[in-house]
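Undergrad: Provided below: model14.pdb, containing PDB, C-alpha atoms and all ligand atoms.
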ATOM      1  CA  MET D   1      -1.707 -20.221 -11.522  1.00  0.00           C
ATOM      2  CA  THR D   2      -0.253 -19.141  -8.218  1.00  0.00           C
ATOM      3  CA  THR D   3       1.993 -21.059  -5.883  1.00  0.00           C
ATOM      4  CA  LYS D   4       1.538 -21.276  -2.129  1.00  0.00           C
ATOM      5  CA  ALA D   5       4.423 -18.834  -1.630  1.00  0.00           C
ATOM      6  CA  GLN D   6       2.858 -16.370  -4.090  1.00  0.00           C
ATOM      7  CA  ARG D   7      -0.462 -16.505  -2.264  1.00  0.00           C
ATOM      8  CA  ALA D   8       1.308 -15.952   1.067  1.00  0.00           C
ATOM      9  CA  VAL D   9       3.193 -12.967  -0.367  1.00  0.00           C
ATOM     10  CA  ILE D  10       0.020 -11.451  -1.846  1.00  0.00           C
ATOM     11  CA  THR D  11      -1.729 -11.797   1.509  1.00  0.00           C
ATOM     12  CA  ALA D  12       1.186 -10.148   3.311  1.00  0.00           C
ATOM     13  CA  LEU D  13       1.221  -7.278   0.796  1.00  0.00           C
ATOM     14  CA  ALA D  14      -2.527  -6.773   1.096  1.00  0.00           C
ATOM     15  CA  ASP D  15      -2.005  -5.536   4.663  1.00  0.00           C
ATOM     16  CA  THR D  16       0.119  -2.576   3.698  1.00  0.00           C
ATOM     17  CA  SER D  17       0.066   0.341   1.297  1.00  0.00           C
ATOM     18  CA  ARG D  18       3.800   0.981   1.720  1.00  0.00           C
ATOM     19  CA  PHE D  19       6.561  -0.481  -0.397  1.00  0.00           C
ATOM     20  CA  VAL D  20       8.173  -3.282   1.577  1.00  0.00           C
ATOM     21  CA  SER D  21      11.329  -5.319   1.073  1.00  0.00           C
ATOM     22  CA  ALA D  22      11.460  -9.093   0.636  1.00  0.00           C
ATOM     23  CA  GLN D  23      12.966  -9.346   4.121  1.00  0.00           C
ATOM     24  CA  GLU D  24      10.061  -7.406   5.625  1.00  0.00           C
ATOM     25  CA  ILE D  25       7.550  -9.667   3.893  1.00  0.00           C
ATOM     26  CA  HIS D  26       9.450 -12.717   5.078  1.00  0.00           C
ATOM     27  CA  ALA D  27       9.484 -11.409   8.670  1.00  0.00           C
ATOM     28  CA  ARG D  28       5.765 -10.709   8.471  1.00  0.00           C
ATOM     29  CA  LEU D  29       5.016 -14.226   7.229  1.00  0.00           C
ATOM     30  CA  ARG D  30       7.084 -15.694  10.031  1.00  0.00           C
ATOM     31  CA  GLY D  31       5.194 -13.558  12.532  1.00  0.00           C
ATOM     32  CA  ASN D  32       1.986 -15.121  11.226  1.00  0.00           C
ATOM     33  CA  GLY D  33       3.410 -18.599  11.715  1.00  0.00           C
ATOM     34  CA  ASP D  34       4.068 -19.100   8.000  1.00  0.00           C
ATOM     35  CA  SER D  35       7.210 -21.120   7.275  1.00  0.00           C
ATOM     36  CA  THR D  36       7.810 -19.871   3.704  1.00  0.00           C
ATOM     37  CA  GLY D  37      11.576 -19.383   3.319  1.00  0.00           C
ATOM     38  CA  LEU D  38      13.253 -16.166   2.212  1.00  0.00           C
ATOM     39  CA  THR D  39      14.336 -17.712  -1.092  1.00  0.00           C
ATOM     40  CA  SER D  40      10.746 -18.707  -1.879  1.00  0.00           C
ATOM     41  CA  VAL D  41       9.620 -15.186  -0.965  1.00  0.00           C
ATOM     42  CA  TYR D  42      12.191 -13.724  -3.384  1.00  0.00           C
ATOM     43  CA  ARG D  43      11.134 -16.110  -6.149  1.00  0.00           C
ATOM     44  CA  ALA D  44       7.430 -15.442  -5.575  1.00  0.00           C
ATOM     45  CA  LEU D  45       8.002 -11.687  -5.659  1.00  0.00           C
ATOM     46  CA  GLN D  46       9.993 -11.968  -8.860  1.00  0.00           C
ATOM     47  CA  SER D  47       7.282 -13.847 -10.737  1.00  0.00           C
ATOM     48  CA  LEU D  48       4.530 -11.606  -9.321  1.00  0.00           C
ATOM     49  CA  ALA D  49       6.507  -8.580 -10.512  1.00  0.00           C
ATOM     50  CA  GLU D  50       6.951 -10.145 -13.952  1.00  0.00           C
ATOM     51  CA  SER D  51       3.241 -10.833 -14.287  1.00  0.00           C
ATOM     52  CA  GLY D  52       2.480  -7.278 -13.134  1.00  0.00           C
ATOM     53  CA  ASP D  53       0.698  -8.354  -9.965  1.00  0.00           C
ATOM     54  CA  VAL D  54       3.066  -6.350  -7.817  1.00  0.00           C
ATOM     55  CA  ASP D  55       4.991  -3.161  -8.495  1.00  0.00           C
ATOM     56  CA  VAL D  56       8.686  -3.080  -7.787  1.00  0.00           C
ATOM     57  CA  LEU D  57      10.943  -0.101  -7.287  1.00  0.00           C
ATOM     58  CA  ARG D  58      14.487   0.644  -6.205  1.00  0.00           C
ATOM     59  CA  THR D  59      14.673   2.651  -3.027  1.00  0.00           C
ATOM     60  CA  ASP D  60      17.201   5.448  -2.527  1.00  0.00           C
ATOM     61  CA  ALA D  61      19.356   2.825  -0.820  1.00  0.00           C
ATOM     62  CA  GLY D  62      19.269   0.675  -3.975  1.00  0.00           C
ATOM     63  CA  GLU D  63      17.119  -1.993  -2.383  1.00  0.00           C
ATOM     64  CA  ALA D  64      14.172  -3.592  -4.215  1.00  0.00           C
ATOM     65  CA  ALA D  65      10.796  -2.856  -2.643  1.00  0.00           C
ATOM     66  CA  TYR D  66       7.406  -4.278  -3.548  1.00  0.00           C
ATOM     67  CA  ARG D  67       3.811  -3.178  -3.421  1.00  0.00           C
ATOM     68  CA  ARG D  68       0.455  -4.444  -4.572  1.00  0.00           C
ATOM     69  CA  CYS D  69      -0.958  -1.484  -6.465  1.00  0.00           C
ATOM     70  CA  GLU D  70      -4.566  -0.489  -6.844  1.00  0.00           C
ATOM     71  CA  THR D  71      -4.429  -0.144 -10.583  1.00  0.00           C
ATOM     72  CA  ASP D  72      -3.220  -2.389 -13.399  1.00  0.00           C
ATOM     73  CA  GLN D  73      -2.655   0.672 -15.546  1.00  0.00           C
ATOM     74  CA  HIS D  74       0.826   2.009 -16.114  1.00  0.00           C
ATOM     75  CA  HIS D  75       1.544   4.560 -13.410  1.00  0.00           C
ATOM     76  CA  HIS D  76       4.224   6.162 -11.287  1.00  0.00           C
ATOM     77  CA  HIS D  77       4.761   6.627  -7.577  1.00  0.00           C
ATOM     78  CA  LEU D  78       5.405   9.452  -5.190  1.00  0.00           C
ATOM     79  CA  VAL D  79       7.161   7.798  -2.270  1.00  0.00           C
ATOM     80  CA  CYS D  80       7.827   9.378   1.125  1.00  0.00           C
ATOM     81  CA  ARG D  81      11.289   8.266   2.150  1.00  0.00           C
ATOM     82  CA  ASP D  82      10.502   9.026   5.799  1.00  0.00           C
ATOM     83  CA  CYS D  83       7.239   7.185   6.434  1.00  0.00           C
ATOM     84  CA  GLY D  84       7.011   5.053   3.294  1.00  0.00           C
ATOM     85  CA  ARG D  85       3.669   6.525   2.260  1.00  0.00           C
ATOM     86  CA  VAL D  86       2.902   6.008  -1.432  1.00  0.00           C
ATOM     87  CA  ILE D  87       0.752   8.007  -3.824  1.00  0.00           C
ATOM     88  CA  GLU D  88       0.029   6.530  -7.245  1.00  0.00           C
ATOM     89  CA  VAL D  89       0.289   9.176  -9.934  1.00  0.00           C
ATOM     90  CA  ALA D  90      -0.085   9.437 -13.692  1.00  0.00           C
ATOM     91  CA  GLY D  91       2.665  11.254 -15.531  1.00  0.00           C
ATOM     92  CA  ARG D  92       1.375  12.453 -18.871  1.00  0.00           C
ATOM     93  CA  GLY D  93       4.362  14.738 -19.364  1.00  0.00           C
ATOM     94  CA  VAL D  94       6.708  11.854 -18.594  1.00  0.00           C
ATOM     95  CA  GLU D  95       4.926   9.542 -21.061  1.00  0.00           C
ATOM     96  CA  ARG D  96       5.203  12.134 -23.823  1.00  0.00           C
ATOM     97  CA  TRP D  97       8.846  12.854 -23.041  1.00  0.00           C
ATOM     98  CA  ALA D  98       9.758   9.138 -22.946  1.00  0.00           C
ATOM     99  CA  LEU D  99       8.087   8.420 -26.299  1.00  0.00           C
ATOM    100  CA  GLN D 100       9.571  11.464 -27.950  1.00  0.00           C
ATOM    101  CA  THR D 101      13.079  10.869 -26.636  1.00  0.00           C
ATOM    102  CA  ALA D 102      12.993   7.208 -27.653  1.00  0.00           C
ATOM    103  CA  SER D 103      11.730   7.952 -31.148  1.00  0.00           C
ATOM    104  CA  GLU D 104      14.343  10.668 -31.640  1.00  0.00           C
ATOM    105  CA  HIS D 105      16.946   7.959 -31.119  1.00  0.00           C
ATOM    106  CA  GLY D 106      15.046   5.336 -33.124  1.00  0.00           C
ATOM    107  CA  PHE D 107      14.227   3.137 -30.128  1.00  0.00           C
ATOM    108  CA  ARG D 108      11.247   0.799 -30.369  1.00  0.00           C
ATOM    109  CA  ASP D 109       9.337  -1.304 -27.835  1.00  0.00           C
ATOM    110  CA  ILE D 110      10.240   1.021 -24.987  1.00  0.00           C
ATOM    111  CA  SER D 111       9.344   0.974 -21.324  1.00  0.00           C
ATOM    112  CA  HIS D 112      10.321   3.165 -18.406  1.00  0.00           C
ATOM    113  CA  THR D 113      10.229   3.355 -14.648  1.00  0.00           C
ATOM    114  CA  VAL D 114       9.963   6.683 -12.860  1.00  0.00           C
ATOM    115  CA  GLU D 115       9.546   7.021  -9.118  1.00  0.00           C
ATOM    116  CA  VAL D 116       9.664  10.289  -7.233  1.00  0.00           C
ATOM    117  CA  PHE D 117      11.068  10.216  -3.688  1.00  0.00           C
ATOM    118  CA  GLY D 118      10.691  12.937  -1.090  1.00  0.00           C
ATOM    119  CA  SER D 119       9.215  13.884   2.266  1.00  0.00           C
ATOM    120  CA  CYS D 120       5.415  13.965   2.440  1.00  0.00           C
ATOM    121  CA  PRO D 121       3.524  16.879   4.077  1.00  0.00           C
ATOM    122  CA  ASP D 122       2.946  14.809   7.239  1.00  0.00           C
ATOM    123  CA  CYS D 123       6.639  14.237   7.823  1.00  0.00           C
ATOM    124  CA  PRO D 124       8.818  16.891   9.452  1.00  0.00           C
ATOM    125  CA  GLY D 125      11.341  18.315   7.011  1.00  0.00           C
TER     126      GLY D 125
HETATM  127 ZN    ZN A 201       1.947   1.287  -8.203  1.00  0.00          ZN
HETATM  128 ZN    ZN A 202       5.878  10.784   5.111  1.00  0.00          ZN
HETATM  129 ZN    ZN A 203       5.139   6.330 -17.320  1.00  0.00          ZN
END
Using the file provided, produce a representation of the structure as structure tokens.
Ligand SMILES: [Zn+2]
Ligand SMILES: [Zn+2]
Ligand SMILES: [Zn+2]
TA:
Amino acid sequence: MTTKAQRAVITALADTSRFVSAQEIHARLRGNGDSTGLTSVYRALQSLAESGDVDVLRTDAGEAAYRRCETDQHHHHLVCRDCGRVIEVAGRGVERWALQTASEHGFRDISHTVEVFGSCPDCPG
């Protein structure tokens, strides 16, 4: 079940492959004549993130950013901090390290988030 705000957010995210902030999504909706409020956008993003329909990450600036990813599988992101370009990557070494580290400390039911930020080859250093 999706709400009207969730559908609006999904449509707005479908237009971009970058990670975008709630404010950016809100501005985009407004530009399309959609009157969904910022609070509704936040709430929609939160539930979409919880259900795994959108990926969320913390930018270098500590801001939450959202993206509709191509895969439902667990994955990681390479994010260009200059142009916002995103590459979805698998991290087998990271998975192994996370499991091993957790089990060494007796942790169960673990999860992790790993995003790699940098400048992509198309962006001047
Ligand atoms: Zn993703
Ligand atoms: Zn770039
Ligand atoms: Zn992982």
Undergrad: List the residues selected by the PyMOL selection byres (((not hetatm)) within 7 of (chain A and resi 202)) in the file shown, writing them as number ranges by chain.
TA: D: 80-85, 119-123
Undergrad: For the file shown, what are the residues hit by the PyMOL selection byres (((chain D and resi 23) around 12) and not hetatm), laid out as JSON, numbers by chain?
TA: {"D": [9, 12, 19, 20, 21, 22, 24, 25, 26, 27, 28, 29, 30, 36, 37, 38, 39, 40, 41, 42, 45, 63, 64, 65, 66]}
Undergrad: Can you spell out as number ranges by chain the set of residues that the PyMOL selection byres (((chain D and resi 87-101) around 8) and not hetatm) selects in the structure I just provided?
TA: D: 74-79, 85-86, 102-105, 110, 112
Undergrad: Between atom CA of Leu13 of chain D and atom CA of Arg68 of chain D, measure the distance and give it in Å to one decimal.
TA: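 Taking atom CA of Leu13 of chain D and atom CA of Arg68 of chain D, their separation equals 6.1 Å.
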Undergrad: Considering all atoms listed in the file, state which residue in the set D:Ala14, D:Val114, D:Asp109, D:Gly33 is at the smallest distance from Cys69 of chain D.
TA: D:Ala14
Undergrad: Have a look at atom CA of Thr59 of chain D and atom CA of Arg108 of chain D and let me know their distance in Å, one decimal.
TA: 27.6 Å
Undergrad: When you count all atoms listed in the file, which of these residues is closest to ligand ZN 203 (chain A): D:Asp55, D:Thr113, D:Asp72, D:Pro124?
TA: D:Thr113
Undergrad: If you measure from atom CA of Asp60 of chain D to atom CA of Thr16 of chain D, what distance in Å do you get, rounded to one decimal?
TA: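 Pair atom CA of Asp60 of chain D / atom CA of Thr16 of chain D returns 19.9 Å.
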Undergrad: So, with all atoms listed in the file as the atoms that count, which of D:Arg58, D:Ser47, D:Ala8, D:Asp53 lies closest to Ser35 of chain D?
TA: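 Going through D:Arg58, D:Ser47, D:Ala8, D:Asp53 one by one, the smallest distance to Ser35 of chain D is for D:Ala8.
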Undergrad: Point out the residue among D:Gly62, D:Glu115, D:Thr71, D:Val56 with the least atom-to-atom distance to ligand ZN 203 (chain A), counting all atoms listed in the file.
TA: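 Result for the nearest residue to ligand ZN 203 (chain A): D:Glu115.
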Undergrad: How big is the axis-aligned box around all listed atoms of segment 107-123 of chain D once 3 Å goes on each side, and where's its centre, in Å to one decimal, as AutoDock Vina command-line options?
TA:
--center_x 8.6 --center_y 7.8 --center_z -11.3 --size_x 17.3 --size_y 24.2 --size_z 44.2
Undergrad: Can you tell me which residues surround Val54 of chain D at a distance of at most 6 Å, considering only C-alpha atoms, apart from same-chain residues fewer than 3 positions away, and format the answer as a list in words?
TA: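 Counting only C-alpha atoms, the residues come to Leu48, Ala49, Arg67 and Arg68 of chain D.
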Undergrad: Measuring between all atoms listed in the file, which one of D:Gly106, D:Phe117, D:Arg18, D:Ala44 shows the shortest distance to ligand ZN 201 (chain A)?
TA: D:Arg18
Undergrad: Please determine, counting all atoms listed in the file, which residue among D:Ala5, D:Gln46, D:Ser17, D:Gly52 has the shortest atom-to-atom distance to Asp34 of chain D.
TA: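 With all atoms listed in the file as the atom set, the closest residue is D:Ala5.
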